[in-house]
file entry18.cif (mmCIF, C-alpha atoms and all ligand atoms)
data_my_file
#
loop_
_atom_site.label_atom_id
_atom_site.label_comp_id
_atom_site.auth_asym_id
_atom_site.auth_seq_id
_atom_site.Cartn_x
_atom_site.Cartn_y
_atom_site.Cartn_z
CA MET A 819 154.11 -106.72 31.31
CA ILE A 820 155.12 -103.73 29.20
CA LYS A 821 158.66 -103.55 27.86
CA ALA A 822 159.47 -100.32 26.02
CA THR A 823 162.69 -100.04 24.02
CA ILE A 824 164.21 -96.83 22.70
CA LEU A 825 166.59 -97.10 19.74
CA GLY A 826 168.70 -93.93 19.79
CA ALA A 827 168.26 -93.58 23.56
CA ALA A 828 171.43 -91.58 24.23
CA GLY A 829 170.47 -88.64 21.99
CA GLY A 830 168.66 -85.42 22.79
CA ILE A 831 165.20 -86.92 22.37
CA GLY A 832 166.28 -90.34 23.58
CA GLN A 833 167.56 -89.16 26.96
CA SER A 834 164.62 -86.84 27.72
CA LEU A 835 162.13 -89.51 26.68
CA SER A 836 163.98 -92.12 28.74
CA LEU A 837 163.54 -89.93 31.81
CA LEU A 838 159.81 -89.51 31.19
CA LEU A 839 159.34 -93.24 30.58
CA ARG A 840 161.40 -94.09 33.68
CA LEU A 841 158.74 -92.25 35.69
CA ASN A 842 155.83 -94.14 34.10
CA PRO A 843 154.59 -96.82 36.53
CA ASN A 844 152.89 -98.72 33.67
CA ILE A 845 156.22 -99.63 32.09
CA ASP A 846 157.73 -102.74 33.66
CA GLU A 847 160.98 -102.74 31.71
CA LEU A 848 162.78 -99.91 29.94
CA SER A 849 165.45 -100.91 27.45
CA LEU A 850 167.83 -98.22 26.16
CA TYR A 851 169.82 -98.92 22.99
CA ASP A 852 172.20 -96.61 21.15
CA ILE A 853 175.58 -96.91 19.47
CA VAL A 854 177.01 -94.78 22.32
CA ASN A 855 176.53 -93.95 26.00
CA THR A 856 173.41 -95.88 27.04
CA ILE A 857 175.29 -97.60 29.87
CA GLY A 858 175.81 -94.17 31.43
CA VAL A 859 172.24 -93.02 30.76
CA SER A 860 170.67 -96.20 32.13
CA THR A 861 172.93 -96.23 35.21
CA ASP A 862 171.99 -92.61 35.92
CA LEU A 863 168.25 -93.32 35.51
CA SER A 864 168.51 -96.54 37.54
CA HIS A 865 169.10 -94.45 40.68
CA ILE A 866 165.56 -93.06 40.43
CA PRO A 867 163.51 -95.34 42.71
CA THR A 868 160.75 -97.09 40.73
CA ASP A 869 159.58 -100.69 40.34
CA GLN A 870 160.85 -100.74 36.76
CA VAL A 871 163.72 -102.80 35.36
CA ILE A 872 166.08 -100.64 33.28
CA LYS A 873 168.95 -101.75 31.07
CA GLY A 874 171.34 -100.02 28.68
CA TYR A 875 172.80 -101.65 25.56
CA VAL A 876 175.69 -100.56 23.32
CA PRO A 877 176.93 -102.80 20.48
CA LYS A 878 180.59 -103.94 20.67
CA ASP A 879 181.24 -103.00 17.04
CA ARG A 880 179.42 -102.44 13.74
CA SER A 881 178.98 -106.16 13.11
CA ASP A 882 177.46 -106.87 16.55
CA ASN A 883 173.76 -107.66 16.03
CA GLU A 884 173.45 -109.71 19.23
CA THR A 885 173.29 -106.67 21.52
CA ILE A 886 170.34 -105.06 19.72
CA LYS A 887 168.59 -108.45 19.71
CA LEU A 888 168.89 -108.56 23.51
CA ALA A 889 167.70 -104.97 23.80
CA LEU A 890 164.64 -105.67 21.64
CA ALA A 891 163.69 -109.15 22.87
CA ASP A 892 160.09 -109.29 24.15
CA SER A 893 159.48 -105.55 23.58
CA ASN A 894 155.86 -104.47 23.29
CA ILE A 895 156.74 -100.93 22.21
CA VAL A 896 159.76 -99.83 20.17
CA ILE A 897 160.45 -96.12 19.83
CA ILE A 898 162.95 -94.92 17.22
CA PRO A 899 164.53 -91.46 17.52
CA ALA A 900 167.89 -92.69 16.12
CA GLY A 901 169.53 -90.58 13.44
CA ILE A 902 170.92 -87.15 12.81
CA PRO A 903 168.99 -83.93 13.50
CA ARG A 904 168.92 -80.81 11.31
CA LYS A 905 171.30 -77.87 11.41
CA PRO A 906 170.26 -74.35 10.28
CA GLY A 907 169.69 -74.20 6.52
CA MET A 908 168.81 -77.89 6.21
CA THR A 909 165.42 -79.37 5.32
CA ARG A 910 164.20 -82.62 6.83
CA ASN A 911 164.76 -84.20 3.42
CA ASP A 912 168.47 -83.41 3.76
CA LEU A 913 168.50 -85.97 6.60
CA PHE A 914 167.26 -88.73 4.31
CA LYS A 915 170.69 -89.81 3.07
CA ILE A 916 171.85 -90.84 6.54
CA ASN A 917 168.63 -91.54 8.44
CA ALA A 918 167.02 -93.75 5.79
CA GLY A 919 169.72 -96.39 6.22
CA ILE A 920 169.70 -96.13 10.02
CA VAL A 921 165.93 -96.59 10.20
CA LYS A 922 165.91 -99.44 7.69
CA ASN A 923 168.54 -101.37 9.71
CA LEU A 924 166.88 -100.75 13.06
CA ILE A 925 163.49 -101.78 11.68
CA HIS A 926 165.08 -104.92 10.25
CA GLN A 927 166.36 -105.86 13.71
CA THR A 928 163.00 -104.96 15.26
CA GLY A 929 161.13 -107.14 12.76
CA LEU A 930 163.39 -110.07 13.57
CA ALA A 931 163.50 -109.67 17.36
CA CYS A 932 159.97 -108.54 18.28
CA PRO A 933 157.67 -108.74 15.24
CA ASP A 934 154.56 -108.09 17.34
CA ALA A 935 155.76 -104.82 18.83
CA PHE A 936 154.12 -101.44 18.32
CA ILE A 937 156.64 -99.30 16.43
CA CYS A 938 156.79 -95.52 16.91
CA ILE A 939 159.05 -93.72 14.43
CA ILE A 940 160.40 -90.29 15.33
CA SER A 941 163.48 -90.13 13.05
CA ASN A 942 163.15 -87.64 10.20
CA PRO A 943 162.04 -87.27 7.50
CA VAL A 944 158.97 -89.03 8.96
CA ASN A 945 157.07 -88.83 5.64
CA SER A 946 159.76 -91.15 4.20
CA THR A 947 161.06 -93.13 7.20
CA VAL A 948 157.60 -94.61 7.89
CA PRO A 949 157.25 -96.01 4.33
CA ILE A 950 160.82 -97.38 4.68
CA ALA A 951 159.79 -99.14 7.89
CA VAL A 952 156.61 -100.54 6.33
CA GLU A 953 158.43 -101.87 3.25
CA GLU A 954 161.19 -103.42 5.35
CA LEU A 955 158.67 -105.13 7.64
CA LYS A 956 156.82 -106.40 4.55
CA ARG A 957 160.08 -107.83 3.19
CA LEU A 958 160.47 -109.73 6.46
CA GLY A 959 156.85 -110.89 6.31
CA VAL A 960 155.96 -109.33 9.67
CA TYR A 961 154.18 -106.12 8.67
CA ASN A 962 151.12 -105.24 10.74
CA PRO A 963 149.61 -101.90 9.57
CA LYS A 964 147.84 -101.50 12.91
CA LYS A 965 151.14 -101.19 14.76
CA VAL A 966 153.36 -98.83 12.75
CA PHE A 967 153.17 -95.11 13.58
CA GLY A 968 155.01 -91.99 12.49
CA ILE A 969 154.98 -89.62 15.45
CA THR A 970 153.58 -86.21 14.43
CA THR A 971 152.29 -85.24 17.88
CA LEU A 972 154.78 -82.36 18.20
CA ASP A 973 152.94 -80.46 15.46
CA THR A 974 149.74 -80.73 17.47
CA LEU A 975 151.48 -79.60 20.66
CA ARG A 976 152.73 -76.55 18.78
CA LEU A 977 149.24 -75.79 17.45
CA GLU A 978 147.76 -75.99 20.96
CA GLU A 979 150.35 -73.61 22.37
CA PHE A 980 150.54 -71.13 19.49
CA LEU A 981 146.74 -70.92 19.11
CA LYS A 982 146.42 -70.15 22.80
CA LEU A 983 149.06 -67.39 22.48
CA THR A 984 147.41 -66.00 19.31
CA LEU A 985 143.93 -65.79 20.79
CA LYS A 986 145.27 -63.87 23.80
CA GLU A 987 142.16 -64.94 25.68
CA SER A 988 141.83 -66.79 28.90
CA ILE A 989 141.40 -70.18 27.28
CA THR A 990 143.46 -72.94 28.77
CA THR A 991 145.25 -75.80 27.03
CA LYS A 992 142.67 -78.17 28.51
CA TYR A 993 140.05 -76.93 26.01
CA LEU A 994 142.39 -77.29 23.06
CA ILE A 995 143.55 -80.88 23.62
CA ASN A 996 141.64 -83.14 21.20
CA ASP A 997 139.80 -80.13 19.75
CA VAL A 998 142.69 -78.90 17.63
CA ILE A 999 144.98 -81.28 15.76
CA THR A 1000 147.43 -81.36 12.91
CA ILE A 1001 147.08 -83.81 10.04
CA GLY A 1002 148.92 -84.50 6.76
CA GLY A 1003 152.67 -84.98 6.91
CA HIS A 1004 155.53 -83.82 9.12
CA SER A 1005 157.41 -81.16 7.17
CA GLY A 1006 156.66 -77.55 6.28
CA ASP A 1007 153.41 -77.08 4.39
CA SER A 1008 152.61 -80.81 4.45
CA ILE A 1009 151.63 -80.11 8.07
CA VAL A 1010 147.94 -79.10 8.19
CA PRO A 1011 146.66 -77.44 11.37
CA ILE A 1012 142.93 -78.02 11.97
CA ILE A 1013 141.43 -75.58 14.43
CA ASN A 1014 137.77 -76.55 14.40
CA SER A 1015 135.33 -73.91 15.69
CA TRP A 1016 138.17 -71.72 17.00
CA ILE A 1017 138.16 -70.13 13.53
CA LYS A 1018 135.23 -68.05 14.85
CA ASN A 1019 137.70 -66.30 17.16
CA PHE A 1020 139.46 -64.77 14.15
CA LYS A 1021 137.71 -61.59 12.97
CA LYS A 1022 138.20 -62.26 9.25
CA GLY A 1023 137.94 -66.06 9.49
CA GLU A 1024 140.12 -68.00 7.06
CA SER A 1025 141.56 -64.84 5.50
CA ASP A 1026 142.51 -63.33 8.86
CA GLU A 1027 146.18 -62.36 8.94
CA GLU A 1028 146.61 -63.69 12.48
CA TYR A 1029 145.13 -67.06 11.46
CA LEU A 1030 147.48 -67.32 8.46
CA LYS A 1031 150.44 -66.37 10.68
CA LEU A 1032 149.45 -69.09 13.14
CA ILE A 1033 149.35 -71.71 10.37
CA GLN A 1034 152.78 -70.66 9.15
CA ARG A 1035 154.26 -70.77 12.66
CA VAL A 1036 152.98 -74.31 13.27
CA GLN A 1037 154.18 -75.54 9.87
CA PHE A 1038 157.64 -74.11 10.40
CA GLY A 1039 157.86 -74.54 14.20
CA GLY A 1040 160.71 -77.02 13.75
CA ASP A 1041 162.80 -74.38 11.92
CA GLU A 1042 162.24 -71.96 14.81
CA VAL A 1043 163.92 -74.41 17.20
CA VAL A 1044 166.70 -75.38 14.76
CA LYS A 1045 167.54 -71.67 14.31
CA ALA A 1046 167.45 -70.95 18.05
CA LYS A 1047 169.68 -73.95 18.82
CA ASP A 1048 172.12 -72.55 16.26
CA GLY A 1049 173.79 -75.75 15.06
CA LYS A 1050 173.25 -77.75 18.25
CA GLY A 1051 170.32 -79.81 16.98
CA SER A 1052 166.56 -79.56 16.75
CA ALA A 1053 163.59 -79.98 19.09
CA THR A 1054 164.33 -82.54 21.80
CA LEU A 1055 162.48 -81.59 25.01
CA SER A 1056 159.19 -80.68 23.32
CA MET A 1057 159.57 -83.76 21.09
CA ALA A 1058 160.12 -86.04 24.07
CA THR A 1059 156.98 -84.55 25.66
CA ALA A 1060 155.04 -85.14 22.45
CA ALA A 1061 156.24 -88.73 22.11
CA TYR A 1062 155.46 -89.33 25.76
CA ARG A 1063 151.88 -88.14 25.27
CA PHE A 1064 151.47 -90.60 22.40
CA ILE A 1065 153.16 -93.53 24.18
CA ASN A 1066 151.27 -92.97 27.40
CA ASN A 1067 148.00 -93.19 25.45
CA LEU A 1068 149.28 -96.26 23.59
CA ILE A 1069 150.03 -97.97 26.90
CA ASP A 1070 146.48 -97.23 28.09
CA ALA A 1071 145.23 -99.00 24.96
CA ILE A 1072 147.54 -102.01 25.36
CA LYS A 1073 147.55 -102.48 29.11
CA LYS A 1074 144.14 -101.18 30.19
CA ASN A 1075 142.26 -102.08 27.03
CA ILE A 1076 140.98 -98.50 26.68
CA LYS A 1077 140.15 -97.21 23.18
CA VAL A 1078 142.30 -94.12 22.83
CA LYS A 1079 142.13 -91.25 20.34
CA GLU A 1080 145.41 -90.18 18.80
CA VAL A 1081 146.80 -88.70 15.61
CA ALA A 1082 149.66 -90.40 13.74
CA PHE A 1083 151.18 -90.89 10.31
CA VAL A 1084 149.90 -94.31 9.25
CA LYS A 1085 149.40 -96.37 6.11
CA ILE A 1086 145.77 -95.51 5.60
CA ASP A 1087 145.01 -97.84 2.70
CA ASP A 1088 145.78 -100.87 4.88
CA LEU A 1089 143.48 -99.73 7.69
CA ASN A 1090 139.80 -99.43 8.44
CA CYS A 1091 138.97 -95.85 7.38
CA VAL A 1092 135.84 -93.72 7.57
CA ASN A 1093 134.92 -90.56 5.66
CA ILE A 1094 138.29 -90.04 4.00
CA PRO A 1095 137.60 -88.04 0.83
CA ASP A 1096 138.69 -89.20 -2.61
CA TYR A 1097 141.07 -86.26 -2.97
CA VAL A 1098 143.18 -87.98 -0.29
CA THR A 1099 142.70 -91.71 -0.87
CA LYS A 1100 142.92 -91.54 -4.68
CA HIS A 1101 146.39 -90.09 -4.55
CA LEU A 1102 148.25 -91.57 -1.64
CA GLU A 1103 148.59 -94.34 0.89
CA TYR A 1104 149.97 -92.53 3.95
CA PHE A 1105 148.68 -89.57 5.92
CA SER A 1106 148.70 -88.40 9.49
CA LEU A 1107 145.08 -88.59 10.64
CA PRO A 1108 143.02 -89.11 13.79
CA ILE A 1109 143.02 -92.77 14.81
CA ILE A 1110 141.36 -94.93 17.40
CA ILE A 1111 143.81 -97.36 18.99
CA GLY A 1112 142.73 -100.49 20.85
CA LYS A 1113 144.83 -103.21 22.46
CA ASP A 1114 145.73 -104.77 19.10
CA GLY A 1115 146.50 -101.49 17.37
CA VAL A 1116 144.68 -99.06 15.08
CA GLU A 1117 140.98 -99.89 14.85
CA LEU A 1118 139.81 -96.91 12.86
CA VAL A 1119 141.20 -93.99 10.89
CA GLN A 1120 138.94 -90.96 10.82
CA PHE A 1121 138.85 -87.77 8.81
CA PRO A 1122 138.09 -84.48 10.57
CA SER A 1123 134.63 -83.10 9.87
CA LYS A 1124 133.72 -79.42 9.48
CA LEU A 1125 136.86 -78.25 7.72
CA ASN A 1126 137.16 -74.64 6.63
CA LEU A 1127 138.04 -73.84 3.02
CA HIS A 1128 141.64 -72.99 3.82
CA GLU A 1129 142.08 -76.31 5.62
CA VAL A 1130 140.79 -78.20 2.56
CA LYS A 1131 143.21 -76.26 0.35
CA MET A 1132 146.10 -77.11 2.70
CA ILE A 1133 145.16 -80.81 2.72
CA LYS A 1134 145.16 -80.96 -1.09
CA ASN A 1135 148.61 -79.36 -1.14
CA ALA A 1136 149.84 -81.75 1.61
CA VAL A 1137 148.68 -84.76 -0.41
CA GLU A 1138 151.02 -83.72 -3.24
CA LYS A 1139 153.96 -83.15 -0.87
CA VAL A 1140 153.54 -86.37 1.09
CA LYS A 1141 153.19 -88.41 -2.11
CA VAL A 1142 156.70 -87.41 -3.24
CA ASP A 1143 158.25 -88.21 0.16
CA VAL A 1144 156.48 -91.59 0.40
CA THR A 1145 157.77 -92.60 -3.03
CA LYS A 1146 161.30 -91.68 -1.96
CA GLY A 1147 161.01 -93.99 1.07
CA PHE A 1148 159.47 -96.82 -0.96
CA ASP A 1149 162.22 -96.55 -3.60
CA PHE A 1150 164.93 -96.64 -0.93
CA VAL A 1151 163.87 -100.17 0.01
CA HIS A 1152 162.91 -101.47 -3.44
CA GLY A 1153 165.10 -99.37 -5.75
CA SER A 1154 163.57 -96.81 -8.13
CA LYS A 1155 161.91 -98.05 -11.32
P1 LIG B 1 170.60 -86.68 18.48
O1 LIG B 1 171.74 -86.56 17.54
O2 LIG B 1 170.66 -85.91 19.75
O3 LIG B 1 170.36 -88.21 18.85
C1 LIG B 1 170.29 -89.21 17.90
C2 LIG B 1 170.85 -90.47 18.53
O4 LIG B 1 170.75 -91.52 17.57
C3 LIG B 1 172.36 -90.36 18.92
O5 LIG B 1 172.54 -90.66 20.28
C4 LIG B 1 173.04 -91.38 18.02
O6 LIG B 1 174.14 -92.03 18.62
C5 LIG B 1 171.89 -92.37 17.77
N1 LIG B 1 172.10 -93.22 16.63
C6 LIG B 1 172.62 -92.93 15.42
N2 LIG B 1 172.69 -94.03 14.66
C7 LIG B 1 172.20 -95.05 15.40
C8 LIG B 1 171.99 -96.44 15.18
N3 LIG B 1 172.32 -97.00 14.03
N4 LIG B 1 171.49 -97.17 16.19
C9 LIG B 1 171.14 -96.61 17.36
N5 LIG B 1 171.29 -95.31 17.63
C10 LIG B 1 171.82 -94.54 16.67
O7 LIG B 1 169.28 -86.29 17.67
P2 LIG B 1 167.82 -85.95 18.27
O8 LIG B 1 167.73 -84.50 18.49
O9 LIG B 1 167.51 -86.88 19.37
O10 LIG B 1 166.90 -86.27 16.98
C11 LIG B 1 166.79 -87.58 16.51
C12 LIG B 1 165.91 -87.64 15.26
O11 LIG B 1 164.57 -87.26 15.57
C13 LIG B 1 166.36 -86.71 14.13
O12 LIG B 1 166.25 -87.37 12.90
C14 LIG B 1 165.35 -85.57 14.20
O13 LIG B 1 165.20 -84.91 12.97
C15 LIG B 1 164.11 -86.32 14.60
N6 LIG B 1 163.03 -85.50 15.17
C16 LIG B 1 161.76 -85.81 14.84
C17 LIG B 1 160.70 -85.09 15.38
C18 LIG B 1 159.28 -85.46 15.03
O14 LIG B 1 158.40 -84.64 15.26
N7 LIG B 1 159.00 -86.64 14.54
C19 LIG B 1 160.95 -84.03 16.26
C20 LIG B 1 162.27 -83.74 16.58
C21 LIG B 1 163.31 -84.48 16.02
C1 LIG B 2 160.52 -80.73 14.52
O1 LIG B 2 159.43 -80.55 13.96
O2 LIG B 2 160.91 -80.00 15.44
C2 LIG B 2 161.38 -81.88 14.08
O3 LIG B 2 160.88 -82.49 12.93
C3 LIG B 2 162.82 -81.54 13.97
C4 LIG B 2 163.14 -80.63 12.84
O4 LIG B 2 164.07 -80.95 12.08
O5 LIG B 2 162.51 -79.58 12.69
#
call {"tool": "encode", "arguments": {"input": "entry18.cif", "output": "structure tokens", "more": "lines below"}}
Ligand code: NAD
Ligand code: LMR
result
Amino acid sequence: MIKATILGAAGGIGQSLSLLLRLNPNIDELSLYDIVNTIGVSTDLSHIPTDQVIKGYVPKDRSDNETIKLALADSNIVIIPAGIPRKPGMTRNDLFKINAGIVKNLIHQTGLACPDAFICIISNPVNSTVPIAVEELKRLGVYNPKKVFGITTLDTLRLEEFLKLTLKESITTKYLINDVITIGGHSGDSIVPIINSWIKNFKKGESDEEYLKLIQRVQFGGDEVVKAKDGKGSATLSMATAAYRFINNLIDAIKKNIKVKEVAFVKIDDLNCVNIPDYVTKHLEYFSLPIIIGKDGVELVQFPSKLNLHEVKMIKNAVEKVKVDVTKGFDFVHGSK
């Protein structure tokens, strides 16, 4: 039995992701929670014929914690896209003030209602909301490092697509999946695109103008969407697709006991890691890196091999950026020293 619950299910990401998950035959129950409109969304989706149970939950008022408890009860997977999105001119850090509190409260309820669930955090700023979640789960005594993920898959989707467009050759996405990834954090230059042997396709290698343009476009892909949406939010459809890719793989690990390869923002110092260089581990506890997930969660965190010099430089810079954001999240739960 797989029960997946979305917290923030009536939003732009929430609704698109709900549709994708409604069509997944491996999900037995889909639970949609938001402070607004999930009764409408779940009723709409319930007319799609599947063998899945679907329910929508909206709290009666701000003090109602019973409704979210019902929504979360017995969940195996909890996905959190609740919170406000950016408007033009904002950074992801500008979302911290509002989203930090939302994520902390939702994680608190998750820790109480379904402490064994896999938790996938989408709400921004991911570099800080994941540490908030970890510290809140620790406070409740239910933290399992193998089951808490910050979802950074959208950066990798962007790299796949933009690299294909840049190379202008007849390569297909099929060859790029798993071969190119993004690591680091999820904001601006904390995002590190890793393109493996595709660097050979750029005439001047790491100093090629087209390569550097590609890196910049991936790192600031979120801004491109925010600008184009012109005040009406940020990436929702591509994000739902990215989250779906991750969750679908996660379900394969949980339900079919398959070891799956993914990339996510995790607390590396609490996990089984191989080949992570000192310049990362010495300085910080969280990073988005390739992981192997089994039925009980993360089994291994790996570090990409064969990096080019520019990639190493970007990782060192990302370490500094992520460190600041992680501290901000930690301090939100514990208070700054
Ligand atoms: P949205 O405004 O369309 O939807 C957010 C939803 O959260 C709304 O329906 C709102 O009612 C709900 N919500 C707010 N407070 C809540 C609470 N306490 N409990 C339950 N639900 C609550 O926004 P969106 O476009 O779906 O984006 C959501 C978040 O995801 C934003 O923070 C955005 O920055 C982030 N995001 C992350 C990535 C990523 O790559 N990780 C990509 C895109 C967007
Ligand atoms: C993205 O990368 O699209 C998201 O993090 C949303 C944003 O604010 O850019």
call {"tool": "residues_around", "arguments": {"input": "entry18.cif", "residues": "Phe1083 in chain A", "least_positions_apart": "3", "cutoff": "8 Å", "atoms": "all atoms listed in the file", "output": "number ranges by chain"}}
result
A: 945, 948, 967-970, 1002-1003, 1104-1107
call {"tool": "write_last_selection", "arguments": {"input": "entry18.cif", "atoms": "C-alpha atoms", "output": "compact mmCIF listing (two decimals), keeping the file's coordinate frame"}}
result
# COMPACT_ATOMS: atom_id res chain seq x y z
CA ASN A 945 157.07 -88.83 5.64
CA VAL A 948 157.60 -94.61 7.89
CA PHE A 967 153.17 -95.11 13.58
CA GLY A 968 155.01 -91.99 12.49
CA ILE A 969 154.98 -89.62 15.45
CA THR A 970 153.58 -86.21 14.43
CA GLY A 1002 148.92 -84.50 6.76
CA GLY A 1003 152.67 -84.98 6.91
CA TYR A 1104 149.97 -92.53 3.95
CA PHE A 1105 148.68 -89.57 5.92
CA SER A 1106 148.70 -88.40 9.49
CA LEU A 1107 145.08 -88.59 10.64
call {"tool": "residues_around", "arguments": {"input": "entry18.cif", "residues": "Pro943 in chain A", "least_positions_apart": "3", "cutoff": "7 Å", "atoms": "only C-alpha atoms", "output": "PyMOL selection string"}}
result
chain A and resi 910-911+913-914+946-947
call {"tool": "write_last_selection", "arguments": {"input": "entry18.cif", "atoms": "C-alpha atoms", "output": "short mmCIF file (atom, residue, chain, number, x, y, z; two decimals), in the frame of the given file"}}
result
data_model
loop_
_atom_site.label_atom_id
_atom_site.label_comp_id
_atom_site.auth_asym_id
_atom_site.auth_seq_id
_atom_site.Cartn_x
_atom_site.Cartn_y
_atom_site.Cartn_z
CA ARG A 910 164.20 -82.62 6.83
CA ASN A 911 164.76 -84.20 3.42
CA LEU A 913 168.50 -85.97 6.60
CA PHE A 914 167.26 -88.73 4.31
CA SER A 946 159.76 -91.15 4.20
CA THR A 947 161.06 -93.13 7.20
#
call {"tool": "atom_distance", "arguments": {"input": "entry18.cif", "atom1": "CA of Gly901 in chain A", "atom2": "CA of Ala918 in chain A"}}
result
8.7 Å
call {"tool": "closest_residue", "arguments": {"input": "entry18.cif", "among": "A:Ser1025, A:Ser1154, A:Thr928, A:Asn894", "to": "ligand LIG 1 (chain B)", "atoms": "only C-alpha atoms and all ligand atoms"}}
result
A:Thr928
call {"tool": "closest_atom_pairs", "arguments": {"input": "entry18.cif", "of": "chain A", "to": "ligand LIG 2 (chain B)", "cutoff": "8 Å", "atoms": "all atoms listed in the file", "output": "JSON lines"}}
result
{"residue": "A:Pro903", "atom": "CA", "partner": "B:LIG2", "partner_atom": "O4", "distance": 5.9}
{"residue": "A:Arg904", "atom": "CA", "partner": "B:LIG2", "partner_atom": "O4", "distance": 4.9}
{"residue": "A:Lys905", "atom": "CA", "partner": "B:LIG2", "partner_atom": "O4", "distance": 7.9}
{"residue": "A:Thr909", "atom": "CA", "partner": "B:LIG2", "partner_atom": "O4", "distance": 7.1}
{"residue": "A:Arg910", "atom": "CA", "partner": "B:LIG2", "partner_atom": "O4", "distance": 5.5}
{"residue": "A:Asn942", "atom": "CA", "partner": "B:LIG2", "partner_atom": "O3", "distance": 6.3}
{"residue": "A:Pro943", "atom": "CA", "partner": "B:LIG2", "partner_atom": "O3", "distance": 7.3}
{"residue": "A:Val944", "atom": "CA", "partner": "B:LIG2", "partner_atom": "O3", "distance": 7.9}
{"residue": "A:Leu972", "atom": "CA", "partner": "B:LIG2", "partner_atom": "O1", "distance": 6.5}
{"residue": "A:Asp973", "atom": "CA", "partner": "B:LIG2", "partner_atom": "O1", "distance": 6.7}
{"residue": "A:His1004", "atom": "CA", "partner": "B:LIG2", "partner_atom": "O3", "distance": 6.7}
{"residue": "A:Ser1005", "atom": "CA", "partner": "B:LIG2", "partner_atom": "O3", "distance": 6.9}
{"residue": "A:Phe1038", "atom": "CA", "partner": "B:LIG2", "partner_atom": "O1", "distance": 7.6}
{"residue": "A:Gly1039", "atom": "CA", "partner": "B:LIG2", "partner_atom": "O1", "distance": 6.2}
{"residue": "A:Gly1040", "atom": "CA", "partner": "B:LIG2", "partner_atom": "O5", "distance": 3.3}
{"residue": "A:Asp1041", "atom": "CA", "partner": "B:LIG2", "partner_atom": "O5", "distance": 5.3}
{"residue": "A:Glu1042", "atom": "CA", "partner": "B:LIG2", "partner_atom": "O5", "distance": 7.9}
{"residue": "A:Val1043", "atom": "CA", "partner": "B:LIG2", "partner_atom": "O2", "distance": 6.6}
{"residue": "A:Val1044", "atom": "CA", "partner": "B:LIG2", "partner_atom": "O5", "distance": 6.3}
{"residue": "A:Ser1052", "atom": "CA", "partner": "B:LIG2", "partner_atom": "C3", "distance": 5.1}
{"residue": "A:Ala1053", "atom": "CA", "partner": "B:LIG2", "partner_atom": "O2", "distance": 4.5}
{"residue": "A:Thr1054", "atom": "CA", "partner": "B:LIG2", "partner_atom": "O2", "distance": 7.7}
{"residue": "A:Met1057", "atom": "CA", "partner": "B:LIG2", "partner_atom": "O2", "distance": 6.9}
call {"tool": "closest_residue", "arguments": {"input": "entry18.cif", "among": "A:Arg840, A:Lys1050, A:Arg1035, A:Lys873", "to": "ligand LIG 1 (chain B)", "atoms": "only C-alpha atoms and all ligand atoms"}}
result
A:Lys1050
call {"tool": "residues_around", "arguments": {"input": "entry18.cif", "residues": "Gly1153 in chain A", "least_positions_apart": "6", "cutoff": "12 Å", "atoms": "all atoms listed in the file", "output": "PyMOL selection string"}}
result
chain A and resi 950+953+1145-1147
call {"tool": "residues_near_point", "arguments": {"input": "entry18.cif", "point": "(151.2, -76.0, 13.6)", "cutoff": "9 Å", "atoms": "all atoms listed in the file", "output": "number ranges by chain"}}
result
A: 972-978, 980-981, 999-1000, 1009-1012, 1032-1039
call {"tool": "decode", "arguments": {"input": "entry18.cif", "residues": "range 1068-1080 of chain A", "atoms": "C-alpha atoms", "output": "PDB file, in the first residue's frame"}}
result
ATOM      1  CA  LEU A1068      11.136   6.620  -4.950  1.00  0.00           C
ATOM      2  CA  ILE A1069       8.039   4.443  -5.318  1.00  0.00           C
ATOM      3  CA  ASP A1070      10.059   1.918  -7.339  1.00  0.00           C
ATOM      4  CA  ALA A1071      12.493   1.752  -4.419  1.00  0.00           C
ATOM      5  CA  ILE A1072       9.782   1.403  -1.766  1.00  0.00           C
ATOM      6  CA  LYS A1073       7.269  -0.805  -3.516  1.00  0.00           C
ATOM      7  CA  LYS A1074       9.388  -2.881  -5.896  1.00  0.00           C
ATOM      8  CA  ASN A1075      12.538  -2.952  -3.782  1.00  0.00           C
ATOM      9  CA  ILE A1076      14.617  -1.636  -6.702  1.00  0.00           C
ATOM     10  CA  LYS A1077      17.788   0.357  -5.919  1.00  0.00           C
ATOM     11  CA  VAL A1078      17.243   3.642  -7.713  1.00  0.00           C
ATOM     12  CA  LYS A1079      19.700   6.400  -8.607  1.00  0.00           C
ATOM     13  CA  GLU A1080      18.569   9.938  -7.885  1.00  0.00           C
TER      14      GLU A1080
END
